[in-house]
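Read through the structure below, which is laid out as structure tokens, and then see the notes.
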Number of protein chains: 4
Amino acid sequence: MPTTRTERGKTARVERAKTARYYRKREQVVDVAVQLFSKNGYAGTGVADIGEAAGLARGALYYYIGSKDALLAEIHDRVLDPLLVETSAIVGMDISFQARLRLLSEALLRQIVHRRDHVRVFLHEYQQLQGEHRVRFRVKRRRFESHILSVLEEAHSEGKLREPDLDLAMLTYLNLHNYTYQWVSRRPDLTVQELARFYCGIFLNGILTDPLDQAVADAELEHGRSVLGVLLTKGLDH
Amino acid sequence: MPTTRTERGKTARVERAKTARYYRKREQVVDVAVQLFSKNGYAGTGVADIGEAAGLARGALYYYIGSKDALLAEIHDRVLDPLLVETSAIVGMDISFQARLRLLSEALLRQIVHRRDHVRVFLHEYQQLQGEHRVRFRVKRRRFESHILSVLEEAHSEGKLREPDLDLAMLTYLNLHNYTYQWVSRRPDLTVQELARFYCGIFLNGILTDPLDQAVADAELEHGRSVLGVLLTKGLDH
Amino acid sequence: MPTTRTERGKTARVERAKTARYYRKREQVVDVAVQLFSKNGYAGTGVADIGEAAGLARGALYYYIGSKDALLAEIHDRVLDPLLVETSAIVGMDISFQARLRLLSEALLRQIVHRRDHVRVFLHEYQQLQGEHRVRFRVKRRRFESHILSVLEEAHSEGKLREPDLDLAMLTYLNLHNYTYQWVSRRPDLTVQELARFYCGIFLNGILTDPLDQAVADAELEHGRSVLGVLLTKGLDH
Amino acid sequence: MPTTRTERGKTARVERAKTARYYRKREQVVDVAVQLFSKNGYAGTGVADIGEAAGLARGALYYYIGSKDALLAEIHDRVLDPLLVETSAIVGMDISFQARLRLLSEALLRQIVHRRDHVRVFLHEYQQLQGEHRVRFRVKRRRFESHILSVLEEAHSEGKLREPDLDLAMLTYLNLHNYTYQWVSRRPDLTVQELARFYCGIFLNGILTDPLDQAVADAELEHGRSVLGVLLTKGLDH
DNA sequence: CATGAATGAGGCTTCATTCAT
DNA sequence: TATGAATGAAGCCTCATTCAT
């Protein structure tokens, strides 16, 4: 039993280590919740619905989730945390800014395409987050945007950009990608890489002074992807 | 309350002629509801909240709104109806497809920029619509999209498009515009016309075979705008 | 409709004046709650129980009570407010301290004997009060105790007290009276005035340097009671 | 788990011999429960809280306590059993009734002062006891009160009492002592013996026909205390 | 002995809606 | 037109207790 003896001889409770089994089940519950929140909205989904869908009685459900609030926060983490890990790795890479924007595009679209439900919840239910959580995620969101902005700033300082309003450029980049969650299920034929290529083509052609050479861009990308793969793998076993 | 017994034994309310005052107040109530739905979500907003914000007691509120459901439907109408009137006028105009896309862009952004709250509700709470309403608005949405698509198809048939996937092009056009609701309040300096010019510049440069000449486009636009103005005014007094 | 027009022309909701009927029913609900809290304890009584006993559905109940918490606070007010009004009138009266202690005794016992349930709740459930309320009532409790203390201090300054520990004397005075709630229902034959006479006889004989002359005390009391009656009646129509 | 089938088909747990270690731990758990019940009330304290404070998981906790009910009963026993042992020894002693009342006072105050939490639970949560237990403790309470009453009756039969209502006298004696639990933590300077002397002084002066001589009372008390000490020690090894 | 996982009833509260006045 | 009062289902969450391991 994980307790510690204090000097007064009393036993005090310590955070009991949760088993792997606990965490596995917890993940499953969150998976279920994501689907329901995505479909019916956060406020429109009852905790009872989640329990039923997860095959858990009300009480047991709370053993895993703590609160409905916490569930929503967890879903936000699931979207932002991997995204921030990846994007902060990308912005530091020693490749052309075009390639970095393309890698960012792929990272972002991976979330949007492969975790549609998470992203929908993330984009729709942000306002339902309360107090602390709200602040926490505002910060993370800003951090993500600043990553994109930093790449655009570099391009701007090299005189490669036609558009001087970098913030608007960044927001347009977001437009192009983020809204994809609204219709992507209607187009299961499109892959992340195809979309990234298409969006970046449009975006770069739109804001660069010189026209983009897709062939060059594609070639450089291959290299970038493998470097990034190494970076992220190393990061995982720190 | 004036009711009448139908032959099936159900009671149906006699449609009493509503005064102009009734409709004015009703509009005010919907205005209030839009704000609250936008801020707290549909499910997250109580009918009591609406009543309080509108200065109406529960009973009186229901006299105006009928039901919470109806309120949501009305908000959808407020977004889609003027948009469809305008876009169907635009697609029939005898000007270049570039100009038509630009006019569509302005029409769309007018809703997004000037009726942010409506658009947010429209984009987020669609799934909360029940049965009949859901179907009705799905149809309207599709109609709107088909207007854009028809313009792109014309461009394609003229051999002006680099991208053969017209559906993807249309969706990308939507991406570019629709997501704007998420951040536009942070950029009150941007006007509808500026945004339309910027988005269309990027979009057309991205999908056209020949580069876009903005000067020409801008010139033609002026003409288009005035023609459209006439069309819509005539439409109003049908 | 009680609304006010702001200078911007919007209507803002004002605290709607509650009807007398509302307040009457509210009192009844509190009456019911007091009985249940007294019998089963605050935590041991469900809001559903109160509703049932009051003949109100769950929803309607909340229309009257606001929250279970507020109910408990109201009960505390019902005990302390009249007590403080009366005791602060008494301590300022121009009669012997013996007579004032006797009048205080009667005031206190009136609550204990005639509002047994209130007093039991007041004495047992104080700790269940949360935050603000807790503080508010701690202050009121102290104020009440200070009234008694002030009378004892006057007696002490006149050299009439054998016991120098005035705080202990005051607490003993409380002992003598307050615990009565625990058994008074077993002795319905005892009146407030009898009990006050008995308790004050014991208390004063116990702490005075000179023995108490009950005959004198009783005579003076008659006068005190009528003066107090006048004071309190005047206070009511302020 | 070792169970055995009774002839009626029910399963009954085989009483396994409990080790000393078991009883030690059980005592600790009850200690913890008393504190929590005293602070938050019986209904306001969760079994989980007790487990946490005791450093035991839910399952293990139940191994020791059986049920929350049983815990409350045990606490009542802890107050009443030693009190009854002592008071029944006292009432049988061959000393003046004044001395016996003084010894009873000390016995009672020992519980109140040194086991404040127990006493608070005892006085507040009596009504939460269910069925059997409720009856059992009502009997014990009555027995305790009858001990006091028997001493007063003796005094009365000797013509020493001014007050003929013996029940009221007994209840007043209880008032004086029992309410002490409410404020004693604010006065840690007061000892049991001081309080007993003070209370008995007041009480006896209040109900005796002849004034009490404290010097005599104190002298006799010394003797009484030592005799009682012997009695109780013998009682323990019966 | 001890645990973590599970249960289902019940906890307090808010909800959309109705209706007599 | 407008209101206050009422309803009952549903909201989120905690509870005492059990039991396989």
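Please note that chains go A, B, ... in the order of the structure tokens, that every chain numbers its residues from 1, and that ligands are numbered from 1 in the order shown.
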Restrict the calculation to only C-alpha atoms, then for each residue of segment 118-219 of chain D with any atom at most 12 Å from an atom of segment 57-75 of chain D give the closest atom pair and their distance in Å to one decimal, rows by chain and rising residue number, as a tab-separated table.
residue	atom	partner	partner_atom	distance
D:His118	CA	D:Ile75	CA	6.5
D:Val119	CA	D:Ile75	CA	8.9
D:Arg120	CA	D:Ile75	CA	10.4
D:Val121	CA	D:Ile75	CA	7.7
D:Phe122	CA	D:Ile75	CA	7.3
D:Leu123	CA	D:Ile75	CA	11.1
D:His124	CA	D:Leu72	CA	11.2
D:Glu125	CA	D:Leu72	CA	8.1
D:Tyr126	CA	D:Leu72	CA	8.8
D:Gln127	CA	D:Leu72	CA	10.8
D:Gln128	CA	D:Leu72	CA	8.5
D:Leu129	CA	D:Asp69	CA	7.1
D:Gln130	CA	D:Asp69	CA	7.7
D:Gly131	CA	D:Asp69	CA	10.7
D:Glu132	CA	D:Ala73	CA	10.2
D:His133	CA	D:Ala73	CA	6.7
D:Arg134	CA	D:Ala73	CA	8.8
D:Val135	CA	D:Ala73	CA	11.3
D:Arg136	CA	D:Ala73	CA	9.6
D:Phe137	CA	D:Ala73	CA	8.6
D:Arg138	CA	D:Ala73	CA	12.0
Save the residues we just selected, C-alpha atoms, as a PDB file, in the first residue's frame?
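What landed in again_2.pdb:
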ATOM      1  CA  HIS D 118     -16.913  12.310  21.100  1.00  0.00           C
ATOM      2  CA  VAL D 119     -19.348  14.346  23.127  1.00  0.00           C
ATOM      3  CA  ARG D 120     -20.286  16.585  20.247  1.00  0.00           C
ATOM      4  CA  VAL D 121     -21.054  13.553  18.115  1.00  0.00           C
ATOM      5  CA  PHE D 122     -22.920  11.995  21.008  1.00  0.00           C
ATOM      6  CA  LEU D 123     -25.095  15.065  21.493  1.00  0.00           C
ATOM      7  CA  HIS D 124     -25.682  15.912  17.851  1.00  0.00           C
ATOM      8  CA  GLU D 125     -25.957  12.646  16.022  1.00  0.00           C
ATOM      9  CA  TYR D 126     -28.115  10.654  18.371  1.00  0.00           C
ATOM     10  CA  GLN D 127     -31.029  10.902  15.974  1.00  0.00           C
ATOM     11  CA  GLN D 128     -29.016   9.348  13.167  1.00  0.00           C
ATOM     12  CA  LEU D 129     -28.866   6.086  15.055  1.00  0.00           C
ATOM     13  CA  GLN D 130     -31.115   3.476  13.558  1.00  0.00           C
ATOM     14  CA  GLY D 131     -33.547   1.054  15.142  1.00  0.00           C
ATOM     15  CA  GLU D 132     -31.853  -1.233  17.648  1.00  0.00           C
ATOM     16  CA  HIS D 133     -29.004   1.128  18.395  1.00  0.00           C
ATOM     17  CA  ARG D 134     -31.410   4.008  19.009  1.00  0.00           C
ATOM     18  CA  VAL D 135     -33.216   2.007  21.641  1.00  0.00           C
ATOM     19  CA  ARG D 136     -30.037   0.745  23.261  1.00  0.00           C
ATOM     20  CA  PHE D 137     -28.685   4.231  23.771  1.00  0.00           C
ATOM     21  CA  ARG D 138     -31.956   5.693  24.919  1.00  0.00           C
TER      22      ARG D 138
END
Sorted by chain and rising residue number, list the residues of chain D at most 7 Å from chain A (counting only C-alpha atoms), each with its closest atom pair and distance in Å to one decimal, as CSV.
residue,atom,partner,partner_atom,distance
D:Glu52,CA,A:Arg13,CA,6.1
D:Ala54,CA,A:Thr11,CA,6.8
D:Gly55,CA,A:Arg13,CA,4.8
Once you have the residues from the selection above, write them out as a compact mmCIF listing (two decimals), in the first residue's frame, restricted to N, CA, C and O atoms.
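See selection_28.txt below for the written result:
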# COMPACT_ATOMS: atom_id res chain seq x y z
N GLU D 52 -9.59 7.93 3.71
CA GLU D 52 -8.45 8.76 3.33
C GLU D 52 -7.69 9.22 4.56
O GLU D 52 -6.47 9.12 4.63
N ALA D 54 -7.59 7.93 7.38
CA ALA D 54 -7.00 6.82 8.12
C ALA D 54 -5.93 6.11 7.31
O ALA D 54 -5.26 5.21 7.82
N GLY D 55 -5.78 6.52 6.06
CA GLY D 55 -4.77 5.88 5.22
C GLY D 55 -5.15 4.49 4.77
O GLY D 55 -4.29 3.63 4.59
Would you give me, as CSV, each residue of chain E having an atom within 10 Å of an atom of chain C, along with its shortest atom pair and that distance in Å to one decimal, using only C-alpha atoms (C1' of nucleotides) and sorting by chain and residue number?
residue,atom,partner,partner_atom,distance
E:DG10,C1',C:Gly46,CA,9.1
E:DG11,C1',C:Gly46,CA,7.5
E:DC12,C1',C:Val47,CA,7.3
E:DT13,C1',C:Ser67,CA,8.1
E:DT14,C1',C:Gly59,CA,8.5
E:DC15,C1',C:Gly59,CA,9.4
> Taking only C-alpha atoms (C1' of nucleotides) into account, what are the residues of chain F at most 10 Å from chain A, put as a ChimeraX atom specification?
Replying inline: /F:10-15
>> So that I can check the surroundings of Thr19 of chain C, please list as an MDAnalysis selection string every protein, DNA and RNA residue that reaches within 12 Å of it, counting only C-alpha atoms (C1' of nucleotides) and ignoring chain neighbours fewer than 6 positions away.
In response: (chainID C and resid 25:26) or (chainID F and resid 3:5)
Based on the selection just made, write C-alpha atoms (C1' of nucleotides) of those residues as a PDB file, in the first residue's frame.
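Output contents, as saved in again_37.pdb:
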ATOM      1  CA  LYS C  25     -45.807  30.431   0.891  1.00  0.00           C
ATOM      2  CA  ARG C  26     -42.106  30.914   1.353  1.00  0.00           C
TER       3      ARG C  26
ATOM      4  C1'  DT F   3     -47.248  37.288 -15.429  1.00  0.00           C
ATOM      5  C1'  DG F   4     -45.924  34.292 -11.654  1.00  0.00           C
ATOM      6  C1'  DA F   5     -46.335  29.818 -10.246  1.00  0.00           C
TER       7       DA F   5
END
>> Would you pick out the contacts of His223 of chain A at 10 Å or less, using only C-alpha atoms (C1' of nucleotides), so that residues sharing its chain but fewer than 5 positions from it are not included, and give the list as number ranges by chain?
In response: A: 95, 99, 218, 228
Take the residues that were just selected and, keeping all heavy atoms, output them as a short mmCIF file (atom, residue, chain, number, x, y, z; two decimals), in the first residue's frame.
data_model
loop_
_atom_site.label_atom_id
_atom_site.label_comp_id
_atom_site.auth_asym_id
_atom_site.auth_seq_id
_atom_site.Cartn_x
_atom_site.Cartn_y
_atom_site.Cartn_z
N ILE A 95 15.60 24.22 -42.51
CA ILE A 95 15.18 24.05 -43.90
C ILE A 95 14.46 25.32 -44.33
O ILE A 95 14.19 26.18 -43.51
CB ILE A 95 14.24 22.83 -44.07
CG1 ILE A 95 13.05 22.98 -43.09
CG2 ILE A 95 14.98 21.54 -43.81
CD1 ILE A 95 12.03 21.87 -43.19
N ALA A 99 9.33 24.93 -46.82
CA ALA A 99 9.24 23.54 -46.37
C ALA A 99 8.67 23.47 -44.97
O ALA A 99 7.87 22.58 -44.64
CB ALA A 99 10.64 22.90 -46.40
N ASP A 218 8.53 20.06 -53.32
CA ASP A 218 8.29 18.65 -53.03
C ASP A 218 9.58 17.92 -52.70
O ASP A 218 9.62 17.10 -51.78
CB ASP A 218 7.60 17.98 -54.23
CG ASP A 218 6.15 18.46 -54.37
OD1 ASP A 218 5.66 19.13 -53.46
OD2 ASP A 218 5.54 18.16 -55.42
N LEU A 228 12.42 15.46 -39.40
CA LEU A 228 11.40 15.64 -38.37
C LEU A 228 11.08 14.33 -37.65
O LEU A 228 10.96 14.27 -36.43
CB LEU A 228 10.11 16.20 -38.99
CG LEU A 228 8.95 16.42 -38.04
CD1 LEU A 228 9.32 17.40 -36.94
CD2 LEU A 228 7.71 16.90 -38.78
#
>> Could you pull out the strand (DSSP E) residues of segment 5-236 of chain B, going by DSSP on the backbone, and write them as a PyMOL selection string?
In response: chain B and resi 5+11-13
> Which neighbours of segment 165-180 of chain C fall inside 7 Å, counting only C-alpha atoms (C1' of nucleotides), when residues of the same chain fewer than 3 positions from it are skipped, and could you give them as a list in words?
Replying inline: Leu109, Ile148, Leu149, Leu152, Trp183, Val184, Tyr199 and Phe203 of chain C; Thr172, Asn175, Leu176, Tyr179 and Thr180 of chain D
Restrict the selected residues to N, CA, C and O atoms and save them as a PDB file, in the first residue's frame.
ATOM      1  N   LEU C 109     -35.161  32.362  26.373  1.00  0.00           N
ATOM      2  CA  LEU C 109     -35.993  31.171  26.577  1.00  0.00           C
ATOM      3  C   LEU C 109     -37.223  31.178  25.679  1.00  0.00           C
ATOM      4  O   LEU C 109     -37.741  30.119  25.319  1.00  0.00           O
ATOM      5  N   ILE C 148     -24.805  40.128  26.734  1.00  0.00           N
ATOM      6  CA  ILE C 148     -24.840  39.543  28.080  1.00  0.00           C
ATOM      7  C   ILE C 148     -23.621  40.003  28.879  1.00  0.00           C
ATOM      8  O   ILE C 148     -23.718  40.421  30.029  1.00  0.00           O
ATOM      9  N   LEU C 149     -22.481  39.916  28.210  1.00  0.00           N
ATOM     10  CA  LEU C 149     -21.234  40.292  28.864  1.00  0.00           C
ATOM     11  C   LEU C 149     -21.287  41.731  29.375  1.00  0.00           C
ATOM     12  O   LEU C 149     -20.820  42.032  30.477  1.00  0.00           O
ATOM     13  N   LEU C 152     -22.985  41.956  32.632  1.00  0.00           N
ATOM     14  CA  LEU C 152     -22.161  41.398  33.711  1.00  0.00           C
ATOM     15  C   LEU C 152     -21.026  42.350  34.070  1.00  0.00           C
ATOM     16  O   LEU C 152     -20.656  42.496  35.246  1.00  0.00           O
ATOM     17  N   TRP C 183     -34.206  19.051  26.174  1.00  0.00           N
ATOM     18  CA  TRP C 183     -35.174  18.267  26.953  1.00  0.00           C
ATOM     19  C   TRP C 183     -36.533  18.963  27.132  1.00  0.00           C
ATOM     20  O   TRP C 183     -37.455  18.396  27.682  1.00  0.00           O
ATOM     21  N   VAL C 184     -36.645  20.195  26.630  1.00  0.00           N
ATOM     22  CA  VAL C 184     -37.831  20.973  26.971  1.00  0.00           C
ATOM     23  C   VAL C 184     -39.129  20.341  26.470  1.00  0.00           C
ATOM     24  O   VAL C 184     -40.196  20.504  27.078  1.00  0.00           O
ATOM     25  N   TYR C 199     -33.784  29.809  36.584  1.00  0.00           N
ATOM     26  CA  TYR C 199     -32.392  29.911  36.122  1.00  0.00           C
ATOM     27  C   TYR C 199     -31.713  31.150  36.706  1.00  0.00           C
ATOM     28  O   TYR C 199     -30.581  31.076  37.183  1.00  0.00           O
ATOM     29  N   PHE C 203     -28.482  31.338  38.995  1.00  0.00           N
ATOM     30  CA  PHE C 203     -27.294  32.004  38.464  1.00  0.00           C
ATOM     31  C   PHE C 203     -26.855  33.154  39.362  1.00  0.00           C
ATOM     32  O   PHE C 203     -25.683  33.259  39.735  1.00  0.00           O
TER      33      PHE C 203
ATOM     34  N   THR D 172     -31.493  20.852  35.118  1.00  0.00           N
ATOM     35  CA  THR D 172     -30.674  22.053  35.262  1.00  0.00           C
ATOM     36  C   THR D 172     -29.207  21.681  35.487  1.00  0.00           C
ATOM     37  O   THR D 172     -28.297  22.328  34.968  1.00  0.00           O
ATOM     38  N   ASN D 175     -27.962  20.918  32.137  1.00  0.00           N
ATOM     39  CA  ASN D 175     -27.732  22.172  31.402  1.00  0.00           C
ATOM     40  C   ASN D 175     -26.341  22.709  31.685  1.00  0.00           C
ATOM     41  O   ASN D 175     -25.540  22.966  30.786  1.00  0.00           O
ATOM     42  N   LEU D 176     -26.134  22.858  32.992  1.00  0.00           N
ATOM     43  CA  LEU D 176     -24.909  23.489  33.464  1.00  0.00           C
ATOM     44  C   LEU D 176     -23.670  22.787  32.913  1.00  0.00           C
ATOM     45  O   LEU D 176     -22.688  23.427  32.536  1.00  0.00           O
ATOM     46  N   TYR D 179     -23.735  21.716  28.109  1.00  0.00           N
ATOM     47  CA  TYR D 179     -23.531  22.710  27.055  1.00  0.00           C
ATOM     48  C   TYR D 179     -22.074  23.155  26.947  1.00  0.00           C
ATOM     49  O   TYR D 179     -21.677  23.764  25.971  1.00  0.00           O
ATOM     50  N   THR D 180     -21.303  22.806  27.951  1.00  0.00           N
ATOM     51  CA  THR D 180     -19.890  23.189  27.969  1.00  0.00           C
ATOM     52  C   THR D 180     -19.144  22.784  26.693  1.00  0.00           C
ATOM     53  O   THR D 180     -18.222  23.474  26.261  1.00  0.00           O
TER      54      THR D 180
END
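The space separating atom CA of Asp117 of chain B from atom CA of Val34 of chain B comes to 6.1 Å.
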>> One number please: atom CA of Tyr23 of chain B to atom CA of Leu232 of chain B, in Å, one decimal.
In response: 23.3 Å
> So which one's closest to Arg162 of chain A, B:Met93, B:Ala196, B:Ile202, B:Val139? Using only C-alpha atoms, please.
Replying inline: B:Ile202
